[in-house]
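Containing mmCIF, C-alpha atoms: input14.cif.
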```cif
data_protein
#
loop_
_atom_site.label_atom_id
_atom_site.label_comp_id
_atom_site.auth_asym_id
_atom_site.auth_seq_id
_atom_site.Cartn_x
_atom_site.Cartn_y
_atom_site.Cartn_z
CA MET L 6 44.13 6.94 -15.68
CA THR L 7 46.65 9.38 -14.29
CA ALA L 8 48.01 10.13 -10.84
CA GLN L 9 46.24 13.22 -9.50
CA ALA L 10 47.82 16.43 -8.27
CA ALA L 11 47.47 16.86 -4.51
CA GLU L 12 45.91 19.75 -2.63
CA ILE L 13 48.21 21.98 -0.57
CA LEU L 14 48.00 21.94 3.23
CA HIS L 15 49.78 24.33 5.60
CA TYR L 16 50.26 22.75 8.99
CA LYS L 17 52.71 23.55 11.79
CA GLY L 18 54.71 25.83 9.50
CA ARG L 19 55.12 23.20 6.80
CA GLU L 20 53.59 22.84 3.35
CA LEU L 21 52.23 19.31 2.86
CA ALA L 22 50.69 17.46 -0.07
CA LEU L 23 47.11 16.62 0.85
CA CYS L 24 45.89 13.53 -1.00
CA ALA L 25 42.19 14.20 -0.59
CA GLU L 26 39.60 16.60 -1.99
CA PRO L 27 37.81 18.22 0.95
CA LEU L 28 36.06 20.79 -1.26
CA ASP L 29 34.38 18.10 -3.35
CA LEU L 30 31.26 17.79 -1.18
CA TYR L 31 30.62 21.54 -1.21
CA LEU L 32 31.08 21.78 -4.97
CA GLU L 33 28.83 18.82 -5.65
CA ASN L 34 26.02 20.17 -3.43
CA ASN L 35 26.18 23.51 -5.24
CA ASN L 36 26.69 22.01 -8.68
CA ILE L 37 29.90 24.01 -9.21
CA ARG L 38 32.47 22.95 -11.81
CA PHE L 39 35.76 24.57 -12.71
CA ASP L 40 36.29 25.10 -16.39
CA SER L 41 39.53 26.88 -17.15
CA GLY L 42 41.14 27.11 -20.56
CA THR L 43 43.15 23.96 -19.96
CA ILE L 44 42.31 20.36 -19.17
CA SER L 45 44.95 18.37 -17.31
CA THR L 46 44.72 14.62 -16.86
CA ALA L 47 46.61 15.09 -13.56
CA CYS L 48 43.83 17.32 -12.25
CA TRP L 49 40.46 16.12 -13.46
CA ARG L 50 38.75 18.11 -10.70
CA GLY L 51 39.96 21.31 -12.39
CA TYR L 52 41.38 23.12 -9.36
CA ILE L 53 43.91 22.83 -6.55
CA GLY L 54 42.77 23.95 -3.14
CA GLU L 55 45.04 25.48 -0.54
CA TRP L 56 44.23 24.59 3.07
CA LEU L 57 45.37 25.65 6.52
CA ILE L 58 45.05 24.02 9.92
CA GLU L 59 44.95 26.65 12.62
CA ASN L 60 43.75 26.22 16.19
CA ARG L 61 42.86 22.63 15.24
CA ARG L 62 40.44 23.72 12.52
CA LEU L 63 40.61 23.09 8.79
CA TYR L 64 40.24 26.16 6.57
CA LEU L 65 40.18 26.65 2.83
CA ILE L 66 42.36 29.69 2.13
CA GLY L 67 42.71 29.66 -1.64
CA ILE L 68 41.93 27.96 -4.93
CA ASN L 69 43.92 27.91 -8.16
CA ASN L 70 42.72 26.63 -11.48
CA VAL L 71 44.66 24.22 -13.70
CA ASP L 72 46.47 27.16 -15.30
CA ASP L 73 47.66 28.12 -11.79
CA GLU L 74 45.53 31.23 -11.79
CA PRO L 75 43.87 32.14 -8.47
CA ILE L 76 40.09 31.81 -8.26
CA PRO L 77 38.60 34.27 -5.75
CA LEU L 78 36.89 32.48 -2.85
CA SER L 79 34.02 34.95 -3.22
CA LYS L 80 33.23 33.32 -6.56
CA ILE L 81 32.37 30.08 -4.79
CA PHE L 82 31.31 31.18 -1.32
CA PRO L 83 28.54 33.77 -1.39
CA ASP L 84 29.40 35.23 2.03
CA ASN L 85 32.72 36.42 0.61
CA PRO L 86 34.91 35.08 3.42
CA LYS L 87 38.68 35.44 3.49
CA ARG L 88 38.90 31.85 4.57
CA VAL L 89 36.32 29.12 4.92
CA PHE L 90 35.97 26.80 7.91
CA ALA L 91 35.42 23.36 6.34
CA HIS L 92 32.82 22.16 8.87
CA TRP L 93 31.49 19.53 6.42
CA VAL L 94 34.69 17.44 6.55
CA THR L 95 34.57 14.28 8.66
CA ASP L 96 37.38 11.95 7.69
CA GLU L 97 41.00 11.00 8.12
CA LEU L 98 43.04 12.87 5.52
CA ARG L 99 46.38 11.62 4.23
CA CYS L 100 49.57 13.59 3.60
CA PRO L 101 52.39 11.47 2.17
CA GLU L 102 55.95 12.52 3.00
CA GLY L 103 59.51 11.44 2.27
CA LYS L 104 60.87 9.51 -0.68
CA LEU L 105 58.79 7.55 -3.16
CA LEU L 106 58.50 3.82 -2.45
CA THR L 107 55.95 2.64 -5.02
CA TYR L 108 54.57 4.68 -7.88
CA VAL L 109 50.96 4.12 -8.96
CA HIS L 110 49.83 6.07 -12.00
CA GLY L 111 46.27 6.54 -10.82
CA GLY L 112 44.48 8.63 -8.22
CA TYR L 113 46.57 9.10 -5.08
CA GLY L 114 47.81 5.51 -5.06
CA SER L 115 51.58 6.05 -4.75
CA THR L 116 53.26 5.09 -1.48
CA TYR L 117 55.88 7.25 0.21
CA GLU L 118 58.15 6.66 3.21
CA ARG L 119 55.70 8.22 5.64
CA ASP L 120 52.01 9.05 5.79
CA LEU L 121 50.70 11.70 8.12
CA PHE L 122 47.04 10.99 8.83
CA LEU L 123 44.92 13.82 10.18
CA GLU L 124 41.50 12.94 11.52
CA PHE L 125 38.75 15.54 11.37
CA ARG L 126 35.25 15.62 12.84
CA GLN L 127 33.10 18.36 11.30
CA GLY L 128 36.21 20.28 10.35
CA GLU L 129 37.91 20.01 13.76
CA LEU L 130 41.22 18.15 14.00
CA VAL L 131 40.69 15.43 16.61
CA ALA L 132 43.68 13.13 16.07
CA GLU L 133 46.82 12.64 14.03
CA ARG L 134 49.19 9.76 13.49
CA LEU L 135 52.37 9.20 11.51
CA VAL L 136 52.80 5.88 9.75
CA TYR L 137 56.22 4.68 8.55
CA ASN L 138 55.94 2.65 5.37
CA GLY L 139 59.64 1.80 5.00
CA GLU L 140 62.83 3.33 3.66
CA ALA L 141 63.39 3.93 -0.04
CA PRO L 142 66.14 1.58 -1.27
CA ASP L 143 67.19 4.09 -3.92
CA PRO L 144 68.82 7.19 -2.37
CA ASP L 145 67.96 9.11 -5.53
CA ALA L 146 64.24 8.27 -5.33
CA PRO L 147 62.05 11.36 -5.83
CA THR L 148 61.10 13.18 -2.65
CA GLY L 149 57.62 14.54 -2.07
CA TYR L 150 54.31 13.68 -3.66
CA ALA L 151 53.90 14.42 -7.39
CA PRO L 152 52.21 12.82 -10.40
CA GLY L 153 54.79 11.26 -12.73
CA ALA L 154 53.35 12.27 -16.09
CA TRP L 155 50.24 13.87 -17.50
CA THR L 156 48.71 15.39 -20.58
CA THR L 157 47.33 18.88 -20.93
CA MET L 158 44.84 19.93 -23.55
CA SER L 159 43.35 23.22 -24.53
CA ARG L 160 39.62 23.42 -24.01
CA GLY L 161 37.75 24.24 -27.21
CA LYS L 162 35.78 27.49 -27.10
CA MET H 23 -15.76 -45.42 -3.86
CA THR H 24 -15.90 -45.61 -0.08
CA GLN H 25 -12.30 -44.42 0.01
CA PHE H 26 -13.11 -41.10 -1.77
CA PRO H 27 -13.74 -39.10 1.47
CA LEU H 28 -10.46 -40.45 2.82
CA TRP H 29 -8.59 -39.21 -0.27
CA ILE H 30 -10.20 -35.79 0.18
CA VAL H 31 -9.00 -35.67 3.78
CA VAL H 32 -5.47 -36.72 2.74
CA PHE H 33 -5.45 -34.11 -0.09
CA VAL H 34 -6.53 -31.33 2.28
CA ALA H 35 -4.19 -32.52 5.04
CA LEU H 36 -1.28 -32.29 2.61
CA GLY H 37 -2.43 -29.00 1.08
CA ILE H 38 -2.69 -26.92 4.26
CA PRO H 39 0.92 -27.42 5.44
CA VAL H 40 2.26 -27.06 1.87
CA LEU H 41 0.45 -23.72 1.42
CA VAL H 42 1.57 -22.47 4.83
CA ALA H 43 5.17 -23.56 4.12
CA THR H 44 5.05 -21.91 0.69
CA ARG H 45 3.82 -18.65 2.20
CA TRP H 46 6.59 -18.74 4.84
CA LEU H 47 9.21 -19.59 2.19
CA VAL H 48 8.14 -16.73 -0.05
CA MET H 49 8.19 -14.20 2.81
CA THR H 50 11.60 -15.39 4.01
CA ILE H 51 13.23 -15.37 0.57
CA GLU H 52 11.74 -11.98 -0.30
CA ARG H 53 13.04 -10.45 2.94
CA ARG H 54 16.52 -11.92 2.47
CA ARG H 55 16.74 -10.77 -1.12
CA ARG H 56 15.63 -7.27 -0.30
CA THR H 57 18.34 -4.77 0.52
CA ASP H 58 18.62 -3.24 3.99
CA PHE H 59 17.28 -0.07 2.42
CA VAL H 60 14.06 -1.71 1.19
CA ASN H 61 13.58 -3.69 4.42
CA GLY H 62 14.01 -0.49 6.39
CA MET H 63 11.40 1.22 4.28
CA MET H 64 8.99 -1.74 4.64
CA ASP H 65 9.44 -1.83 8.42
CA ALA H 66 8.86 1.89 8.67
CA LEU H 67 5.69 1.63 6.58
CA ALA H 68 4.48 -1.42 8.56
CA ASP H 69 4.58 0.63 11.78
CA ARG H 70 2.05 3.00 10.27
CA LYS H 71 -0.32 0.30 8.99
CA PRO H 72 -3.67 0.01 10.85
CA LYS H 73 -4.15 -3.18 12.88
CA PRO H 74 -6.15 -5.93 11.09
CA THR H 75 -9.86 -6.05 11.92
CA VAL H 76 -11.94 -9.21 12.53
CA LYS H 77 -13.50 -8.71 9.09
CA SER H 78 -10.14 -8.57 7.34
CA ARG H 79 -8.95 -11.67 9.20
CA VAL H 80 -12.08 -13.60 8.15
CA ARG H 81 -11.52 -12.48 4.57
CA ASP H 82 -7.88 -13.69 4.66
CA ILE H 83 -8.94 -17.10 6.03
CA ALA H 84 -11.65 -17.41 3.36
CA ARG H 85 -9.11 -16.66 0.61
CA PHE H 86 -6.76 -19.25 2.05
CA ALA H 87 -9.62 -21.84 2.17
CA LEU H 88 -10.41 -21.21 -1.50
CA LEU H 89 -6.82 -22.12 -2.41
CA ILE H 90 -6.89 -25.49 -0.62
CA PRO H 91 -8.78 -27.41 -3.37
CA ILE H 92 -6.19 -26.23 -5.93
CA TRP H 93 -3.15 -26.19 -3.65
CA PRO H 94 -0.70 -27.94 -6.08
CA ILE H 95 -1.43 -25.26 -8.72
CA ALA H 96 -1.40 -22.39 -6.20
CA ALA H 97 1.92 -23.43 -4.61
CA THR H 98 3.60 -23.86 -8.01
CA ALA H 99 2.30 -20.49 -9.24
CA VAL H 100 3.40 -18.62 -6.10
CA ILE H 101 6.94 -20.05 -6.15
CA GLY H 102 7.28 -19.44 -9.91
CA ASP H 103 6.10 -15.85 -9.51
CA LEU H 104 8.63 -15.31 -6.71
CA PHE H 105 11.56 -16.05 -9.01
CA ILE H 106 10.16 -14.03 -11.93
CA ARG H 107 9.59 -10.99 -9.68
CA THR H 108 13.02 -11.33 -8.09
CA GLU H 109 14.72 -11.20 -11.48
CA ARG H 110 12.69 -8.16 -12.46
CA ARG H 111 13.44 -6.33 -9.21
CA LEU H 112 17.16 -7.01 -9.37
CA THR H 113 17.22 -5.43 -12.83
CA ILE H 114 15.43 -2.32 -11.54
CA ASP H 115 17.83 -1.98 -8.60
CA ARG H 116 20.90 -2.22 -10.81
CA ASP H 117 19.57 0.31 -13.27
CA ASN H 118 18.40 2.98 -10.88
CA GLN H 119 20.32 3.13 -7.67
CA SER H 120 22.94 0.46 -7.51
CA ASP H 121 25.42 2.66 -5.67
CA PHE H 122 22.94 3.63 -2.97
CA ILE H 123 21.67 0.06 -2.61
CA ALA H 124 25.22 -1.24 -2.23
CA HIS H 125 26.51 1.33 0.24
CA GLY H 126 23.70 3.40 1.67
CA LYS H 127 21.10 3.17 4.37
CA LEU H 128 18.10 5.41 4.90
CA THR H 129 17.99 6.02 8.62
CA ARG H 130 14.63 7.72 9.20
CA LYS H 131 12.00 10.00 7.76
CA VAL H 132 12.37 13.63 8.82
CA SER H 133 10.63 16.92 8.13
CA VAL H 134 12.43 19.85 6.54
CA ILE H 135 12.04 21.84 9.76
CA GLU H 136 13.51 19.01 11.83
CA ALA H 137 16.45 18.56 9.46
CA GLU H 138 17.23 22.27 9.56
CA ARG H 139 17.03 22.30 13.36
CA LEU H 140 19.38 19.31 13.58
CA GLU H 141 21.87 20.92 11.20
CA THR H 142 22.06 24.26 12.97
CA ALA H 143 25.22 24.52 15.04
CA ASN H 144 26.19 27.22 17.49
CA ASP H 145 29.84 27.83 16.64
CA PRO H 146 31.62 29.52 19.58
CA ARG H 147 34.18 31.01 17.18
CA ALA H 148 31.46 32.24 14.80
CA GLU H 149 33.29 30.84 11.79
CA ARG H 150 30.41 28.73 10.59
CA PRO H 151 27.47 30.69 9.13
CA SER H 152 24.63 30.61 11.63
CA VAL H 153 22.12 29.28 9.10
CA PRO H 154 21.28 25.56 8.95
CA PHE H 155 24.03 23.55 7.20
CA GLY H 156 26.44 26.49 7.49
CA TYR H 157 28.25 27.04 4.19
CA LEU H 158 26.10 24.33 2.60
CA TRP H 159 22.92 26.41 3.04
CA ALA H 160 22.67 27.49 -0.62
CA GLY H 161 23.07 23.89 -1.77
CA TRP H 162 20.36 22.81 0.69
CA ARG H 163 17.97 25.43 -0.72
CA GLU H 164 18.55 24.04 -4.21
CA PHE H 165 17.98 20.52 -2.90
CA LEU H 166 14.62 21.58 -1.40
CA LYS H 167 13.57 23.00 -4.77
CA ALA H 168 14.20 19.58 -6.34
CA LYS H 169 11.37 17.98 -4.35
CA GLU H 170 8.84 16.15 -6.49
CA PRO H 171 5.16 15.82 -5.52
CA GLY H 172 4.72 12.91 -3.11
CA ALA H 173 8.43 12.66 -2.24
CA GLU H 174 9.43 12.22 1.41
CA LEU H 175 12.57 13.50 3.10
CA TRP H 176 14.76 10.82 4.70
CA SER H 177 18.13 11.05 6.38
CA PHE H 178 20.78 8.69 5.05
CA GLU H 179 24.25 7.37 5.77
CA LYS H 180 26.54 5.94 3.14
CA SER H 181 29.85 4.23 3.42
CA SER H 182 31.79 2.22 0.91
CA ASP H 183 34.98 0.30 0.54
CA ILE H 184 37.77 2.72 -0.35
CA ASP H 185 39.89 -0.13 -1.70
CA ASN H 186 37.25 -0.89 -4.30
CA ALA H 187 38.43 0.23 -7.73
CA THR H 188 34.85 1.02 -8.79
CA ASN H 189 34.85 3.64 -6.03
CA PHE H 190 37.19 5.92 -7.94
CA PHE H 191 35.25 9.14 -7.47
CA ASN H 192 33.12 8.22 -4.48
CA ARG H 193 33.45 9.25 -0.88
CA ASN H 194 33.99 6.49 1.61
CA TYR H 195 31.55 8.06 4.03
CA SER H 196 28.78 10.60 3.82
CA ARG H 197 25.70 11.55 5.75
CA GLY H 198 22.84 13.68 4.60
CA TYR H 199 19.30 13.78 3.28
CA ALA H 200 17.47 12.30 0.32
CA TRP H 201 14.15 12.77 -1.43
CA VAL H 202 12.49 9.36 -1.58
CA LYS H 203 9.43 8.45 -3.62
CA ASN H 204 7.97 4.98 -4.06
CA GLY H 205 11.12 3.43 -2.62
CA LYS H 206 13.43 5.25 -5.03
CA ILE H 207 16.09 7.79 -4.14
CA LEU H 208 15.39 10.83 -6.30
CA HIS H 209 17.97 13.34 -5.04
CA GLU H 210 20.68 13.34 -2.41
CA PHE H 211 22.23 16.10 -0.34
CA ALA H 212 25.40 15.32 1.62
CA ALA H 213 25.63 17.39 4.81
CA GLU H 214 28.90 15.93 6.00
CA GLY H 215 31.39 13.50 4.64
CA ALA H 216 34.79 12.31 3.70
CA PRO H 217 36.45 13.91 0.71
CA GLY H 218 36.86 11.94 -2.47
CA ARG H 219 40.05 9.95 -2.21
CA PRO H 220 40.70 8.04 -5.41
CA PHE H 221 42.85 5.04 -4.53
CA GLY H 222 44.01 6.62 -1.28
CA ASN H 223 44.80 3.29 0.31
CA ARG H 224 45.47 4.13 3.95
CA GLU H 225 45.07 0.55 5.19
CA LEU H 226 47.86 -0.62 2.91
CA THR H 227 50.37 1.53 4.74
CA THR H 228 49.06 0.57 8.17
CA ASP H 229 49.34 -3.12 7.34
CA ARG H 230 52.91 -2.65 6.20
CA LEU H 231 53.77 -1.05 9.49
CA ARG H 232 52.28 -3.98 11.41
CA ALA H 233 54.11 -6.51 9.21
#
```

Give the structure from this file in structure tokens form.
Amino acid sequence: MTAQAAEILHYKGRELALCAEPLDLYLENNNIRFDSGTISTACWRGYIGEWLIENRRLYLIGINNVDDEPIPLSKIFPDNPKRVFAHWVTDELRCPEGKLLTYVHGGYGSTYERDLFLEFRQGELVAERLVYNGEAPDPDAPTGYAPGAWTTMSRGK
Amino acid sequence: MTQFPLWIVVFVALGIPVLVATRWLVMTIERRRRTDFVNGMMDALADRKPKPTVKSRVRDIARFALLIPIWPIAATAVIGDLFIRTERRLTIDRDNQSDFIAHGKLTRKVSVIEAERLETANDPRAERPSVPFGYLWAGWREFLKAKEPGAELWSFEKSSDIDNATNFFNRNYSRGYAWVKNGKILHEFAAEGAPGRPFGNRELTTDRLRA
């Protein structure tokens, strides 16, 4: 088990780590899998999505594979949009912020000083809340969400 | 010898309540051991059953009367069969659809046309494709192709405990449609839901704040 790389979310002029996989439902329904040349244990899903909240709506604006190469949205969305309104998302998404409090080497389990929770109903932002989890005792604790260690392997052809 | 008719009366007087109690016990245990999913299906099917006729009622009473002379054997056999069937059913549930049984609920039977009408949204900003299910339309078309003969379309809702370690790759909520045949979920299509959130323990942080 390995901590997973977060998605990227642009919100109010900031770049946040999004500890959720909003694209998962779409990919599963369409039986789409990302197979790049590399397998990373920190990114079993095989991609990192880039998201934007604008006018209280959640949009997918880009996708990169594990090798950090961009995947054109037109490859996944047949209508060839420049950005995709994620109307299928109904959930409260979590964006951890601040210094690391507790590291968990699995999923998105690590705890940071703050969690920004964004609640969506059918892709529309309906509420947000900021939760303070405490202050890191170590002033040199790592800042910002990141997996601690991972293994990469080349996919056999 | 003169007491023989009395023994018959006592035997029958004991047998009738025992058989009635056995029948009630079996029905109660079966209902409790069924999942919400199966009970929902049974209730839905019961609504469509024709009402019993006088002939069918007479036939049921006659069958019951035939069991009275052998009520000790009948009661033992029925209770024994209940436990054997329960074991068998539990095995089937675990093998085939344990995740759905644990977390899901079929809400109602729908037609394809009705589902598509329900899932068509008029987006004032025109950012959602105007077809049913929006961007999920292609996936829906594939789901429709997966229909097997005799399968029925049901809407479903699923939710599960996000703190559960076995839920590593599951969503904690989803809503959509499923092909159902003979009480089994054949295929699922999620129309809306929460993204996968492996070990994203939001309640842990909230509790810490309260503490």

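Ranking H:Glu141, H:Glu214, H:Glu174, H:Asp82 by their shortest atom-to-atom distance to chain L, with all atoms listed in the file included, puts H:Glu214 first.
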
Could you expand the PyMOL selection byres ((chain L) within 9 of (chain H)) into the explicit residues it covers here, written as a JSON list (two decimals) with C-alpha atoms, in the coordinates of the input?
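Output (result-v3.json):
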```json
[["chain", "number", "residue", "atom", "x", "y", "z"],
["L", 9, "GLN", "CA", 46.24, 13.22, -9.50],
["L", 24, "CYS", "CA", 45.89, 13.53, -1.00],
["L", 25, "ALA", "CA", 42.19, 14.20, -0.59],
["L", 26, "GLU", "CA", 39.60, 16.60, -1.99],
["L", 27, "PRO", "CA", 37.81, 18.22, 0.95],
["L", 28, "LEU", "CA", 36.06, 20.79, -1.26],
["L", 29, "ASP", "CA", 34.38, 18.10, -3.35],
["L", 30, "LEU", "CA", 31.26, 17.79, -1.18],
["L", 31, "TYR", "CA", 30.62, 21.54, -1.21],
["L", 32, "LEU", "CA", 31.08, 21.78, -4.97],
["L", 33, "GLU", "CA", 28.83, 18.82, -5.65],
["L", 34, "ASN", "CA", 26.02, 20.17, -3.43],
["L", 35, "ASN", "CA", 26.18, 23.51, -5.24],
["L", 36, "ASN", "CA", 26.69, 22.01, -8.68],
["L", 82, "PHE", "CA", 31.31, 31.18, -1.32],
["L", 83, "PRO", "CA", 28.54, 33.77, -1.39],
["L", 84, "ASP", "CA", 29.40, 35.23, 2.03],
["L", 89, "VAL", "CA", 36.32, 29.12, 4.92],
["L", 90, "PHE", "CA", 35.97, 26.80, 7.91],
["L", 91, "ALA", "CA", 35.42, 23.36, 6.34],
["L", 92, "HIS", "CA", 32.82, 22.16, 8.87],
["L", 93, "TRP", "CA", 31.49, 19.53, 6.42],
["L", 94, "VAL", "CA", 34.69, 17.44, 6.55],
["L", 95, "THR", "CA", 34.57, 14.28, 8.66],
["L", 96, "ASP", "CA", 37.38, 11.95, 7.69],
["L", 97, "GLU", "CA", 41.00, 11.00, 8.12],
["L", 98, "LEU", "CA", 43.04, 12.87, 5.52],
["L", 99, "ARG", "CA", 46.38, 11.62, 4.23],
["L", 111, "GLY", "CA", 46.27, 6.54, -10.82],
["L", 112, "GLY", "CA", 44.48, 8.63, -8.22],
["L", 113, "TYR", "CA", 46.57, 9.10, -5.08],
["L", 114, "GLY", "CA", 47.81, 5.51, -5.06],
["L", 115, "SER", "CA", 51.58, 6.05, -4.75],
["L", 116, "THR", "CA", 53.26, 5.09, -1.48],
["L", 119, "ARG", "CA", 55.70, 8.22, 5.64],
["L", 120, "ASP", "CA", 52.01, 9.05, 5.79],
["L", 122, "PHE", "CA", 47.04, 10.99, 8.83],
["L", 127, "GLN", "CA", 33.10, 18.36, 11.30],
["L", 136, "VAL", "CA", 52.80, 5.88, 9.75],
["L", 137, "TYR", "CA", 56.22, 4.68, 8.55],
["L", 138, "ASN", "CA", 55.94, 2.65, 5.37],
["L", 139, "GLY", "CA", 59.64, 1.80, 5.00]]
```

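Among the candidate residues L:Ala151, L:Leu130, L:Ala47, L:Ile53, the one lying nearest to L:Ile76 is L:Ile53, with distances computed using all atoms listed in the file.
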
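Among the candidate residues H:Ala143, H:Ala35, H:Val80, H:Ala137, the one lying nearest to H:Trp93 is H:Ala35, with distances computed using all atoms listed in the file.
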
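Taken over the whole file, the PyMOL selection byres ((chain L and resi 147) around 7) covers exactly Lys104, Leu105, Asp145, Ala146, Thr148 and Gly149 of chain L.
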
Inset, instruction - Determine the residue set returned by the PyMOL selection byres ((chain L and resi 11) around 6) for the present structure, and present it as JSON, numbers by chain. - result: {"L": [10, 12, 22, 23, 24]}

Inset, instruction - Mind giving me the straight-line distance from atom CA of H:Val134 to atom CA of H:Pro154 in Å, one decimal? - result: 10.8 Å

Inset, instruction - With a distance cut-off of 10 Å and only C-alpha atoms, select the neighbouring residues of L:Pro77, excluding the residue or stretch itself and same-chain residues fewer than 4 positions from it, and output the selection as a list in words. - result: Ile66, Gly67, Ile68, Asn69, Ile81, Phe82, Asn85, Pro86 and Lys87 of chain L

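Counting from atom CA of H:Lys77, the distance to atom CA of H:Leu89 is 18.9 Å.
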
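Our summary of the geometry notes that atom CA of L:Lys80 is positioned 23.4 Å from atom CA of L:Glu59.
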
Show which residues sit within 8 Å of H:Arg130, as a PDB file with C-alpha atoms, in the coordinates of the input. Count only C-alpha atoms, and ignore same-chain residues fewer than 6 positions away.
```
ATOM      1  CA  TRP H 176      14.760  10.820   4.700  1.00  0.00           C
ATOM      2  CA  SER H 177      18.130  11.050   6.380  1.00  0.00           C
ATOM      3  CA  PHE H 178      20.780   8.690   5.050  1.00  0.00           C
TER       4      PHE H 178
END
```

Legend entry - Which residue of H:Gln25, H:Glu170, H:Ile101, H:Val202 approaches H:Met49 most closely, using all atoms listed in the file: H:Ile101

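Nearest to L:Gly54 of all the residues L:Ile37, L:Trp155, L:Leu14, L:Glu20 is L:Leu14, counting only C-alpha atoms.
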
Let me have the centre and edge lengths in Å, one decimal, of the box along x, y and z around every listed atom of stretch 48-55 of chain L with 3 Å of margin on each side, as JSON.
```
{"center_x": 41.9, "center_y": 20.8, "center_z": -7.0, "size_x": 12.3, "size_y": 15.4, "size_z": 18.9}
```
